[in-house]
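Enquirer: Contents of data_25.pdb (PDB, C-alpha atoms and all ligand atoms):
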```
ATOM      1  CA  SER A   1     114.976  86.686  95.282
ATOM      2  CA  VAL A   2     116.025  86.768  98.861
ATOM      3  CA  SER A   3     117.837  90.084  98.677
ATOM      4  CA  ALA A   4     114.744  91.792  97.353
ATOM      5  CA  GLU A   5     112.820  90.926 100.512
ATOM      6  CA  SER A   6     112.575  93.951 102.678
ATOM      7  CA  LEU A   7     113.617  93.786 106.284
ATOM      8  CA  ASN A   8     111.361  96.672 107.030
ATOM      9  CA  PRO A   9     107.722  95.579 107.092
ATOM     10  CA  THR A  10     106.508  99.028 106.096
ATOM     11  CA  ALA A  11     109.244  99.696 103.600
ATOM     12  CA  SER A  12     107.852 100.018 100.143
ATOM     13  CA  SER A  13     104.498 101.064  98.803
ATOM     14  CA  ASN A  14     104.614  98.851  95.727
ATOM     15  CA  ASP A  15     104.902  95.874  97.995
ATOM     16  CA  ASN A  16     101.667  93.928  97.866
ATOM     17  CA  TRP A  17     102.613  91.127 100.174
ATOM     18  CA  THR A  18      99.945  90.242 102.710
ATOM     19  CA  VAL A  19     100.218  87.833 105.592
ATOM     20  CA  PRO A  20      98.997  84.392 104.535
ATOM     21  CA  PHE A  21      95.973  83.218 106.493
ATOM     22  CA  HIS A  22      95.239  79.543 107.056
ATOM     23  CA  GLU A  23      91.847  78.820 108.614
ATOM     24  CA  LYS A  24      91.988  76.764 111.801
ATOM     25  CA  SER A  25      89.479  75.042 114.057
ATOM     26  CA  GLN A  26      89.081  76.116 117.689
ATOM     27  CA  GLU A  27      90.758  72.888 118.674
ATOM     28  CA  GLN A  28      93.774  73.622 116.462
ATOM     29  CA  ILE A  29      94.054  77.165 117.767
ATOM     30  CA  ALA A  30      94.052  75.890 121.335
ATOM     31  CA  ARG A  31      96.843  73.410 120.581
ATOM     32  CA  LEU A  32      98.835  75.990 118.674
ATOM     33  CA  LYS A  33      98.553  78.583 121.435
ATOM     34  CA  LYS A  34      99.797  76.034 123.920
ATOM     35  CA  ALA A  35     102.723  75.077 121.676
ATOM     36  CA  ILE A  36     103.955  78.653 121.375
ATOM     37  CA  SER A  37     103.126  79.748 124.923
ATOM     38  CA  GLY A  38     106.526  78.868 126.325
ATOM     39  CA  ASN A  39     108.535  79.809 123.238
ATOM     40  CA  PHE A  40     110.611  82.933 123.769
ATOM     41  CA  LEU A  41     110.625  83.901 120.098
ATOM     42  CA  PHE A  42     106.899  84.587 120.378
ATOM     43  CA  SER A  43     106.954  86.335 123.727
ATOM     44  CA  HIS A  44     107.980  89.737 122.404
ATOM     45  CA  LEU A  45     105.251  90.077 119.760
ATOM     46  CA  ASP A  46     102.424  92.570 120.121
ATOM     47  CA  ASP A  47      98.787  91.457 119.789
ATOM     48  CA  GLU A  48      98.524  92.169 116.076
ATOM     49  CA  GLN A  49     101.756  90.366 115.277
ATOM     50  CA  SER A  50     100.655  87.377 117.379
ATOM     51  CA  ALA A  51      97.359  87.182 115.521
ATOM     52  CA  GLN A  52      99.146  87.374 112.156
ATOM     53  CA  VAL A  53     101.599  84.647 113.080
ATOM     54  CA  LEU A  54      98.843  82.402 114.469
ATOM     55  CA  GLY A  55      96.976  82.800 111.185
ATOM     56  CA  ALA A  56     100.018  82.048 109.057
ATOM     57  CA  LEU A  57     101.225  78.880 110.800
ATOM     58  CA  VAL A  58     100.323  75.568 109.150
ATOM     59  CA  GLU A  59     100.022  72.222 110.925
ATOM     60  CA  LYS A  60     101.902  69.174 109.617
ATOM     61  CA  LYS A  61     102.319  65.663 110.976
ATOM     62  CA  TYR A  62     105.440  63.562 110.488
ATOM     63  CA  PRO A  63     106.446  59.925 110.901
ATOM     64  CA  ALA A  64     109.493  58.915 112.945
ATOM     65  CA  LYS A  65     113.038  59.302 111.555
ATOM     66  CA  LEU A  66     112.140  61.784 108.864
ATOM     67  CA  LYS A  67     114.665  64.449 107.884
ATOM     68  CA  ILE A  68     112.810  67.723 108.321
ATOM     69  CA  ILE A  69     115.869  69.855 107.552
ATOM     70  CA  SER A  70     119.137  68.842 105.853
ATOM     71  CA  GLN A  71     122.315  70.694 106.705
ATOM     72  CA  GLY A  72     123.447  72.827 103.768
ATOM     73  CA  ASP A  73     119.984  73.221 102.206
ATOM     74  CA  GLU A  74     118.381  76.554 101.569
ATOM     75  CA  GLY A  75     115.954  77.729 104.239
ATOM     76  CA  ASP A  76     112.223  77.633 103.491
ATOM     77  CA  TYR A  77     110.334  77.251 106.759
ATOM     78  CA  PHE A  78     110.591  77.926 110.469
ATOM     79  CA  TYR A  79     109.229  75.141 112.673
ATOM     80  CA  VAL A  80     107.514  75.064 116.066
ATOM     81  CA  VAL A  81     107.281  71.718 117.854
ATOM     82  CA  GLU A  82     103.884  70.742 119.212
ATOM     83  CA  LYS A  83     104.355  67.005 119.639
ATOM     84  CA  GLY A  84     107.370  64.690 119.535
ATOM     85  CA  SER A  85     111.090  65.313 119.823
ATOM     86  CA  PHE A  86     113.511  66.284 117.097
ATOM     87  CA  ASP A  87     117.215  65.472 117.058
ATOM     88  CA  VAL A  88     119.699  68.033 115.783
ATOM     89  CA  HIS A  89     122.914  66.815 114.138
ATOM     90  CA  VAL A  90     125.831  68.925 112.993
ATOM     91  CA  ASN A  91     128.412  67.585 110.583
ATOM     92  CA  PRO A  92     131.533  69.723 111.044
ATOM     93  CA  ASN A  93     132.597  68.942 107.467
ATOM     94  CA  GLY A  94     129.641  70.779 106.045
ATOM     95  CA  SER A  95     126.554  70.045 104.054
ATOM     96  CA  LEU A  96     125.068  66.658 103.321
ATOM     97  CA  GLN A  97     124.730  67.725  99.683
ATOM     98  CA  SER A  98     128.400  68.470  99.277
ATOM     99  CA  GLY A  99     129.067  64.824  99.974
ATOM    100  CA  ALA A 100     130.108  65.070 103.618
ATOM    101  CA  GLU A 101     129.711  61.662 105.224
ATOM    102  CA  GLY A 102     126.961  61.077 107.731
ATOM    103  CA  LEU A 103     124.812  63.312 109.842
ATOM    104  CA  GLY A 104     127.532  64.239 112.292
ATOM    105  CA  ASN A 105     127.173  64.382 116.029
ATOM    106  CA  LYS A 106     123.881  64.869 117.756
ATOM    107  CA  VAL A 107     124.161  68.285 119.389
ATOM    108  CA  ALA A 108     120.664  68.877 120.709
ATOM    109  CA  THR A 109     117.120  67.545 120.986
ATOM    110  CA  ILE A 110     114.204  69.919 120.569
ATOM    111  CA  GLU A 111     111.101  69.172 122.622
ATOM    112  CA  PRO A 112     107.474  70.371 122.484
ATOM    113  CA  GLY A 113     107.314  74.150 122.843
ATOM    114  CA  GLY A 114     110.717  74.538 121.207
ATOM    115  CA  SER A 115     111.425  75.625 117.654
ATOM    116  CA  PHE A 116     114.086  75.341 114.963
ATOM    117  CA  GLY A 117     115.032  76.464 111.496
ATOM    118  CA  GLU A 118     115.313  80.181 112.231
ATOM    119  CA  LEU A 119     119.019  80.571 111.492
ATOM    120  CA  ALA A 120     118.947  80.015 107.731
ATOM    121  CA  LEU A 121     115.983  82.364 107.424
ATOM    122  CA  MET A 122     117.529  85.078 109.576
ATOM    123  CA  TYR A 123     120.947  85.106 107.982
ATOM    124  CA  ASN A 124     120.145  83.912 104.460
ATOM    125  CA  ALA A 125     122.552  81.105 105.203
ATOM    126  CA  PRO A 126     122.523  77.384 104.431
ATOM    127  CA  ARG A 127     120.884  75.195 107.071
ATOM    128  CA  ALA A 128     123.399  74.900 109.913
ATOM    129  CA  ALA A 129     122.229  71.479 111.074
ATOM    130  CA  THR A 130     120.162  68.440 110.148
ATOM    131  CA  VAL A 131     116.939  67.990 112.097
ATOM    132  CA  ILE A 132     115.228  64.588 112.286
ATOM    133  CA  SER A 133     111.930  63.506 113.856
ATOM    134  CA  VAL A 134     112.324  60.967 116.650
ATOM    135  CA  ASP A 135     108.750  59.888 117.364
ATOM    136  CA  SER A 136     105.980  58.685 115.110
ATOM    137  CA  GLU A 137     103.064  61.090 114.805
ATOM    138  CA  SER A 138     105.159  64.150 115.493
ATOM    139  CA  THR A 139     103.395  67.465 114.975
ATOM    140  CA  LEU A 140     105.032  70.661 113.753
ATOM    141  CA  TRP A 141     103.660  74.065 112.900
ATOM    142  CA  LEU A 142     105.326  75.654 109.865
ATOM    143  CA  LEU A 143     105.824  79.342 109.223
ATOM    144  CA  ASP A 144     106.885  80.350 105.721
ATOM    145  CA  ARG A 145     110.119  82.238 105.252
ATOM    146  CA  VAL A 146     108.611  85.576 104.264
ATOM    147  CA  THR A 147     106.194  85.748 107.200
ATOM    148  CA  PHE A 148     108.992  84.715 109.517
ATOM    149  CA  ARG A 149     111.228  87.467 108.202
ATOM    150  CA  ARG A 150     108.518  90.112 108.166
ATOM    151  CA  ILE A 151     107.038  89.485 111.573
ATOM    152  CA  LEU A 152     109.106  87.260 113.792
ATOM    153  CA  MET A 153     112.605  88.081 112.706
ATOM    154  CA  GLU A 154     113.029  91.715 113.536
ATOM    155  CA  SER A 155     112.581  91.437 117.273
ATOM    156  CA  THR A 156     114.563  88.195 117.411
ATOM    157  CA  PHE A 157     117.390  89.611 115.360
ATOM    158  CA  GLN A 158     117.618  92.804 117.368
ATOM    159  CA  ARG A 159     117.539  90.996 120.676
ATOM    160  CA  ARG A 160     120.205  88.496 119.654
ATOM    161  CA  ARG A 161     122.422  91.260 118.344
ATOM    162  CA  LEU A 162     121.790  93.475 121.342
ATOM    163  CA  TYR A 163     122.916  90.812 123.781
ATOM    164  CA  GLU A 164     125.534  89.033 121.676
ATOM    165  CA  SER A 165     128.583  91.018 122.774
ATOM    166  CA  PHE A 166     127.435  91.340 126.386
ATOM    167  CA  LEU A 167     126.784  87.596 126.761
ATOM    168  CA  GLU A 168     130.184  86.847 125.220
ATOM    169  CA  GLU A 169     131.745  88.761 128.093
ATOM    170  CA  VAL A 170     129.848  87.030 130.878
ATOM    171  CA  PRO A 171     132.399  84.635 132.377
ATOM    172  CA  LEU A 172     129.684  82.193 133.462
ATOM    173  CA  LEU A 173     128.576  81.716 129.848
ATOM    174  CA  SER A 174     131.990  81.518 128.220
ATOM    175  CA  THR A 175     131.848  77.731 127.825
ATOM    176  CA  LEU A 176     128.601  77.848 125.868
ATOM    177  CA  ASP A 177     128.604  77.843 122.100
ATOM    178  CA  PRO A 178     127.315  80.959 120.308
ATOM    179  CA  TYR A 179     124.006  79.307 119.439
ATOM    180  CA  GLU A 180     123.327  78.506 123.092
ATOM    181  CA  ARG A 181     124.007  82.164 123.955
ATOM    182  CA  SER A 182     121.559  83.238 121.230
ATOM    183  CA  LYS A 183     118.861  81.125 122.846
ATOM    184  CA  ILE A 184     119.557  82.859 126.153
ATOM    185  CA  ALA A 185     119.308  86.247 124.421
ATOM    186  CA  ASP A 186     115.841  85.273 123.147
ATOM    187  CA  ALA A 187     114.667  84.792 126.710
ATOM    188  CA  LEU A 188     116.197  87.836 128.418
ATOM    189  CA  GLU A 189     114.207  90.810 129.605
ATOM    190  CA  ALA A 190     115.853  94.152 130.322
ATOM    191  CA  GLN A 191     115.226  96.077 133.525
ATOM    192  CA  LYS A 192     116.688  99.299 134.901
ATOM    193  CA  PHE A 193     116.871 100.359 138.533
ATOM    194  CA  PRO A 194     117.881 103.655 140.129
ATOM    195  CA  PRO A 195     120.571 103.608 142.850
ATOM    196  CA  GLY A 196     119.428 102.235 146.201
ATOM    197  CA  THR A 197     116.766  99.861 144.853
ATOM    198  CA  THR A 198     116.287  96.497 146.508
ATOM    199  CA  ILE A 199     116.284  94.240 143.463
ATOM    200  CA  ILE A 200     116.086  91.024 145.460
ATOM    201  CA  LYS A 201     114.811  90.795 149.045
ATOM    202  CA  GLU A 202     116.235  88.227 151.434
ATOM    203  CA  GLY A 203     113.607  85.649 152.386
ATOM    204  CA  ASP A 204     111.438  86.157 149.318
ATOM    205  CA  ALA A 205     110.644  83.342 146.933
ATOM    206  CA  GLY A 206     112.836  83.414 143.820
ATOM    207  CA  ASP A 207     111.435  83.556 140.319
ATOM    208  CA  ALA A 208     114.232  85.132 138.281
ATOM    209  CA  PHE A 209     117.960  85.082 137.646
ATOM    210  CA  TYR A 210     119.913  88.280 136.945
ATOM    211  CA  LEU A 211     122.895  89.244 134.798
ATOM    212  CA  LEU A 212     124.348  92.646 135.557
ATOM    213  CA  GLU A 213     124.671  94.573 132.307
ATOM    214  CA  SER A 214     125.877  97.882 133.702
ATOM    215  CA  GLY A 215     126.346  99.613 137.041
ATOM    216  CA  GLU A 216     127.180  98.165 140.440
ATOM    217  CA  ALA A 217     125.228  96.314 143.092
ATOM    218  CA  GLU A 218     125.861  94.789 146.500
ATOM    219  CA  ALA A 219     124.553  91.865 148.510
ATOM    220  CA  PHE A 220     123.466  92.274 152.141
ATOM    221  CA  LYS A 221     122.512  89.707 154.730
ATOM    222  CA  SER A 222     120.372  90.435 157.762
ATOM    223  CA  GLY A 223     122.504  90.739 160.903
ATOM    224  CA  VAL A 224     125.639  91.620 158.912
ATOM    225  CA  ASP A 225     126.532  95.313 158.753
ATOM    226  CA  ASN A 226     128.727  95.423 155.681
ATOM    227  CA  PRO A 227     127.901  94.298 152.181
ATOM    228  CA  VAL A 228     128.761  90.624 151.784
ATOM    229  CA  LYS A 229     129.425  90.766 148.066
ATOM    230  CA  PHE A 230     129.984  93.260 145.273
ATOM    231  CA  TYR A 231     128.715  92.932 141.709
ATOM    232  CA  LYS A 232     129.966  94.570 138.517
ATOM    233  CA  LYS A 233     129.249  94.219 134.825
ATOM    234  CA  GLY A 234     129.125  90.591 133.707
ATOM    235  CA  ASP A 235     128.409  89.223 137.184
ATOM    236  CA  TYR A 236     125.268  87.286 138.021
ATOM    237  CA  PHE A 237     123.044  86.884 141.062
ATOM    238  CA  GLY A 238     119.772  85.294 142.081
ATOM    239  CA  GLU A 239     120.793  81.775 141.076
ATOM    240  CA  LEU A 240     120.752  80.119 144.513
ATOM    241  CA  ALA A 241     117.012  80.337 145.184
ATOM    242  CA  LEU A 242     116.344  78.833 141.757
ATOM    243  CA  LEU A 243     118.983  76.115 142.004
ATOM    244  CA  ASN A 244     117.995  75.078 145.521
ATOM    245  CA  ASP A 245     114.307  75.957 145.474
ATOM    246  CA  ALA A 246     115.044  78.017 148.573
ATOM    247  CA  PRO A 247     114.142  81.530 149.766
ATOM    248  CA  ARG A 248     116.430  84.354 148.656
ATOM    249  CA  ALA A 249     119.600  84.011 150.762
ATOM    250  CA  ALA A 250     120.517  87.711 150.640
ATOM    251  CA  SER A 251     119.229  91.063 149.492
ATOM    252  CA  ILE A 252     120.698  92.671 146.384
ATOM    253  CA  VAL A 253     120.709  96.464 146.289
ATOM    254  CA  SER A 254     121.785  98.680 143.404
ATOM    255  CA  LYS A 255     124.697 100.942 144.277
ATOM    256  CA  THR A 256     124.532 103.018 141.110
ATOM    257  CA  GLU A 257     121.919 103.042 138.418
ATOM    258  CA  VAL A 258     121.941  99.484 137.097
ATOM    259  CA  LYS A 259     120.760  97.660 134.052
ATOM    260  CA  VAL A 260     120.040  93.974 134.426
ATOM    261  CA  ALA A 261     119.011  91.267 132.018
ATOM    262  CA  THR A 262     116.682  88.824 133.731
ATOM    263  CA  LEU A 263     115.876  85.242 132.963
ATOM    264  CA  ARG A 264     112.701  83.834 134.500
ATOM    265  CA  LYS A 265     112.715  80.518 136.246
ATOM    266  CA  ASP A 266     111.567  78.467 133.224
ATOM    267  CA  GLY A 267     114.240  79.993 130.983
ATOM    268  CA  PHE A 268     116.867  79.545 133.688
ATOM    269  CA  GLN A 269     116.030  75.863 133.996
ATOM    270  CA  ARG A 270     115.839  75.252 130.262
ATOM    271  CA  LEU A 271     118.855  77.247 129.128
ATOM    272  CA  LEU A 272     121.416  77.260 131.916
ATOM    273  CA  GLY A 273     121.599  73.503 132.459
ATOM    274  CA  PRO A 274     125.045  73.337 130.823
ATOM    275  CA  VAL A 275     126.508  75.806 133.353
ATOM    276  CA  GLU A 276     124.630  74.590 136.426
ATOM    277  CA  SER A 277     127.691  72.821 137.788
ATOM    278  CA  ILE A 278     129.724  76.033 137.478
ATOM    279  CA  MET A 279     127.102  77.921 139.469
ATOM    280  CA  ARG A 280     126.906  75.194 142.094
ATOM    281  CA  ARG A 281     130.665  75.324 142.578
ATOM    282  CA  THR A 282     130.493  78.888 143.829
ATOM    283  CA  LYS A 283     130.484  78.742 147.585
ATOM    284  CA  TYR A 284     129.208  81.559 149.705
ATOM    285  CA  GLU A 285     131.001  81.338 153.007
ATOM    286  CA  GLN A 286     130.881  83.856 155.840
ATOM    287  CA  GLY A 287     129.708  86.335 153.317
ATOM    288  CA  VAL A 288     132.787  85.854 151.204
ATOM    289  CA  GLU A 289     132.476  84.192 147.849
ATOM    290  CA  GLU A 290     135.018  81.474 147.264
ATOM    291  CA  ILE A 291     135.585  78.921 144.601
ATOM    292  CA  ASP A 292     136.016  75.542 146.237
ATOM    293  CA  PRO A 293     139.681  74.785 145.449
ATOM    294  CA  LEU A 294     139.035  71.033 145.275
ATOM    295  CA  GLN A 295     136.480  71.433 142.528
ATOM    296  CA  LYS A 296     138.189  74.174 140.620
TER     297      LYS A 296
HETATM  298  P1  LIG A 301     118.760  76.337 110.563
HETATM  299  O1  LIG A 301     117.829  77.170 109.759
HETATM  300  O2  LIG A 301     120.207  76.478 110.316
HETATM  301  C1  LIG A 301     118.823  73.880 111.371
HETATM  302  O3  LIG A 301     118.338  74.807 110.399
HETATM  303  C2  LIG A 301     118.380  74.354 112.731
HETATM  304  O4  LIG A 301     118.811  73.572 113.833
HETATM  305  C3  LIG A 301     118.988  75.699 113.026
HETATM  306  O5  LIG A 301     118.448  76.659 112.133
HETATM  307  C4  LIG A 301     118.620  75.852 114.479
HETATM  308  O6  LIG A 301     117.281  76.290 114.606
HETATM  309  C5  LIG A 301     118.674  74.413 115.002
HETATM  310  N1  LIG A 301     123.816  74.837 115.947
HETATM  311  C6  LIG A 301     123.092  75.235 114.878
HETATM  312  N2  LIG A 301     121.751  75.064 114.749
HETATM  313  C7  LIG A 301     121.117  74.455 115.751
HETATM  314  C8  LIG A 301     121.816  74.014 116.893
HETATM  315  C9  LIG A 301     123.226  74.221 116.968
HETATM  316  N3  LIG A 301     120.909  73.457 117.718
HETATM  317  C10 LIG A 301     119.690  73.561 117.121
HETATM  318  N4  LIG A 301     119.806  74.144 115.924
HETATM  319  N5  LIG A 301     124.015  73.838 118.072
HETATM  320  C11 LIG A 301     123.491  73.118 119.212
HETATM  321  C12 LIG A 301     123.492  73.970 120.446
HETATM  322  C13 LIG A 301     122.991  73.211 121.644
HETATM  323  C14 LIG A 301     125.446  74.169 118.088
HETATM  324  C15 LIG A 301     126.285  72.997 117.613
HETATM  325  C16 LIG A 301     127.775  73.316 117.522
END
```
What does this structure look like when you write it as structure tokens?
Ligand code: 1OR
Expert:
Amino acid sequence: SVSAESLNPTASSNDNWTVPFHEKSQEQIARLKKAISGNFLFSHLDDEQSAQVLGALVEKKYPAKLKIISQGDEGDYFYVVEKGSFDVHVNPNGSLQSGAEGLGNKVATIEPGGSFGELALMYNAPRAATVISVDSESTLWLLDRVTFRRILMESTFQRRRLYESFLEEVPLLSTLDPYERSKIADALEAQKFPPGTTIIKEGDAGDAFYLLESGEAEAFKSGVDNPVKFYKKGDYFGELALLNDAPRAASIVSKTEVKVATLRKDGFQRLLGPVESIMRRTKYEQGVEEIDPLQK
């Protein structure tokens, strides 16, 4: 039963579970490594865990328009997309089994490098959505529920929980739904800086976006004596260089000890699309941040 599965991989001595191993060709391993390379759920694993997960994944090909997951079903596998796209539908009236009509609205499309099916496995919950293959000859890699829970879940779970309440309080992200914030949590990396550290240097190329988790920071521009902007918990910086593909427009210096959560450029582009227009609306004029009243 599900409840008997330990969350702690080293928990019990009478537990004779071993990681399943499915032999793969060099060619398969190369494709698999590429498929998971940009997936944030895999980026926090150590070498041993990575090797175990690579061994346990199983390749499967699918025709177009096949239901891979039905909303309301029990969770069995976690899926990584290698080839093809997969549409996600949510029926607000609940499961397909319980007789709810139709698939519901399409809420997302998952592309190569993405993954799905983790929620039911993580929370022992019914499938939250229906997932359907779009293209013929789609390729997925499947990870069984136990291996997912034993190896991949712990770090994912902790990270999502760690950032859940903080991300809820970030004004920029308040329009996102909780699942979109979870995906951001998967991609965040924590960093700490002592007071007086230049976190971003004006003129540099930009490769990351920052959310301020605790402490205070200030922005400075060359030729201007006073700080041009002040940052507190929940504020963000470093978006302009990424949005405009431009050099850093100001330097950001920690005023106290600060903790930041950073999102690299690829994560920024993939996950913050829905709030891009909000970020673009913020005008930086004469060193004073203003919201353009016409676009408010
Ligand atoms: P699962 O195990 O519940 C369906 O099986 C999977 O669809 C789910 O895990 C997620 O991996 C994936 N809401 C819920 N599940 C989603 C969503 C989603 N998108 C992908 N999945 N929303 C879309 C957010 C852009 C929220 C809709 C309100």
Enquirer: Could you give me, as an MDAnalysis selection string, every polymer residue with an atom at most 10 Å away from an atom of ligand LIG 301 (chain A), counting all atoms listed in the file?
Expert: chainID A and resid 68:80 86:92 105:110 114:132 176:183 271 274
Enquirer: Work out how far CA of Ile29 (chain A) is from CA of Leu152 (chain A), in Å to one decimal.
Expert: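 One can read the CA of Leu152 (chain A) to CA of Ile29 (chain A) distance as 18.6 Å.
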Enquirer: When distances are computed from all atoms listed in the file, which of A:Phe220, A:Phe193, A:Phe157, A:Phe237 shows the smallest separation from Thr256 (chain A)?
Expert: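 For Thr256 (chain A), the nearest of the given residues is A:Phe193.
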Enquirer: Out of A:Val58, A:Ile151, A:Leu272, A:Leu240, which residue has the shortest atom-to-atom distance to Gly206 (chain A) when counting only C-alpha atoms?
Expert: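 Residue with the minimum atom-to-atom distance to Gly206 (chain A): A:Leu240.
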Enquirer: For the atom pair CA of Asp266 (chain A) and CA of Thr156 (chain A), what is the interatomic distance in Å to one decimal place?
Expert: 18.8 Å
Enquirer: Would you kindly identify which residues have an atom no farther than 12 Å from (99.6, 88.5, 112.8), using all atoms listed in the file and the file's own coordinates, and write them out as a PDB file with C-alpha atoms, in the coordinates of the input?
Expert:
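That gives us part.pdb:
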```pdb
ATOM      1  CA  THR A  18      99.945  90.242 102.710  1.00  0.00           C
ATOM      2  CA  VAL A  19     100.218  87.833 105.592  1.00  0.00           C
ATOM      3  CA  PRO A  20      98.997  84.392 104.535  1.00  0.00           C
ATOM      4  CA  PHE A  21      95.973  83.218 106.493  1.00  0.00           C
ATOM      5  CA  HIS A  22      95.239  79.543 107.056  1.00  0.00           C
ATOM      6  CA  PHE A  42     106.899  84.587 120.378  1.00  0.00           C
ATOM      7  CA  LEU A  45     105.251  90.077 119.760  1.00  0.00           C
ATOM      8  CA  ASP A  46     102.424  92.570 120.121  1.00  0.00           C
ATOM      9  CA  ASP A  47      98.787  91.457 119.789  1.00  0.00           C
ATOM     10  CA  GLU A  48      98.524  92.169 116.076  1.00  0.00           C
ATOM     11  CA  GLN A  49     101.756  90.366 115.277  1.00  0.00           C
ATOM     12  CA  SER A  50     100.655  87.377 117.379  1.00  0.00           C
ATOM     13  CA  ALA A  51      97.359  87.182 115.521  1.00  0.00           C
ATOM     14  CA  GLN A  52      99.146  87.374 112.156  1.00  0.00           C
ATOM     15  CA  VAL A  53     101.599  84.647 113.080  1.00  0.00           C
ATOM     16  CA  LEU A  54      98.843  82.402 114.469  1.00  0.00           C
ATOM     17  CA  GLY A  55      96.976  82.800 111.185  1.00  0.00           C
ATOM     18  CA  ALA A  56     100.018  82.048 109.057  1.00  0.00           C
ATOM     19  CA  LEU A  57     101.225  78.880 110.800  1.00  0.00           C
ATOM     20  CA  LEU A 143     105.824  79.342 109.223  1.00  0.00           C
ATOM     21  CA  THR A 147     106.194  85.748 107.200  1.00  0.00           C
ATOM     22  CA  PHE A 148     108.992  84.715 109.517  1.00  0.00           C
ATOM     23  CA  ARG A 150     108.518  90.112 108.166  1.00  0.00           C
ATOM     24  CA  ILE A 151     107.038  89.485 111.573  1.00  0.00           C
ATOM     25  CA  LEU A 152     109.106  87.260 113.792  1.00  0.00           C
TER      26      LEU A 152
END
```
Enquirer: Starting from the displayed file, determine the output of the PyMOL selection byres (((chain A and resi 134) around 8) and not hetatm) and express the residue list as number ranges by chain.
Expert: A: 64-66, 84-87, 132-133, 135-136, 138
Enquirer: Take the residues from that selection and write them out as a short mmCIF file (atom, residue, chain, number, x, y, z; two decimals), in the frame of the given file, keeping C-alpha atoms.
Expert:
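Below is the file that was written, selection33.cif:
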```
data_model
loop_
_atom_site.label_atom_id
_atom_site.label_comp_id
_atom_site.auth_asym_id
_atom_site.auth_seq_id
_atom_site.Cartn_x
_atom_site.Cartn_y
_atom_site.Cartn_z
CA ALA A 64 109.49 58.92 112.94
CA LYS A 65 113.04 59.30 111.56
CA LEU A 66 112.14 61.78 108.86
CA GLY A 84 107.37 64.69 119.54
CA SER A 85 111.09 65.31 119.82
CA PHE A 86 113.51 66.28 117.10
CA ASP A 87 117.22 65.47 117.06
CA ILE A 132 115.23 64.59 112.29
CA SER A 133 111.93 63.51 113.86
CA ASP A 135 108.75 59.89 117.36
CA SER A 136 105.98 58.68 115.11
CA SER A 138 105.16 64.15 115.49
#
```
Enquirer: Rebuild N, CA and C atoms on region 39-51 of chain A, as a short mmCIF file (atom, residue, chain, number, x, y, z; two decimals), in the frame of the given file?
Expert:
```cif
data_model
loop_
_atom_site.label_atom_id
_atom_site.label_comp_id
_atom_site.auth_asym_id
_atom_site.auth_seq_id
_atom_site.Cartn_x
_atom_site.Cartn_y
_atom_site.Cartn_z
N ASN A 39 107.44 79.57 124.18
CA ASN A 39 108.54 79.81 123.24
C ASN A 39 108.92 81.28 123.25
N PHE A 40 110.19 81.54 123.57
CA PHE A 40 110.61 82.93 123.77
C PHE A 40 110.57 83.76 122.48
N LEU A 41 110.66 83.12 121.34
CA LEU A 41 110.62 83.90 120.10
C LEU A 41 109.27 84.58 119.92
N PHE A 42 108.23 84.02 120.53
CA PHE A 42 106.90 84.59 120.38
C PHE A 42 106.54 85.56 121.51
N SER A 43 107.37 85.60 122.53
CA SER A 43 106.95 86.34 123.73
C SER A 43 107.11 87.84 123.59
N HIS A 44 107.79 88.29 122.54
CA HIS A 44 107.98 89.74 122.40
C HIS A 44 107.09 90.34 121.32
N LEU A 45 106.14 89.56 120.81
CA LEU A 45 105.25 90.08 119.76
C LEU A 45 104.11 90.87 120.38
N ASP A 46 103.63 91.89 119.64
CA ASP A 46 102.42 92.57 120.12
C ASP A 46 101.20 91.77 119.66
N ASP A 47 100.00 92.23 120.06
CA ASP A 47 98.79 91.46 119.79
C ASP A 47 98.54 91.24 118.30
N GLU A 48 98.77 92.29 117.52
CA GLU A 48 98.52 92.17 116.08
C GLU A 48 99.49 91.17 115.44
N GLN A 49 100.75 91.29 115.81
CA GLN A 49 101.76 90.37 115.28
C GLN A 49 101.44 88.92 115.68
N SER A 50 101.01 88.73 116.93
CA SER A 50 100.66 87.38 117.38
C SER A 50 99.53 86.82 116.54
N ALA A 51 98.51 87.63 116.31
CA ALA A 51 97.36 87.18 115.52
C ALA A 51 97.79 86.83 114.10
#
```
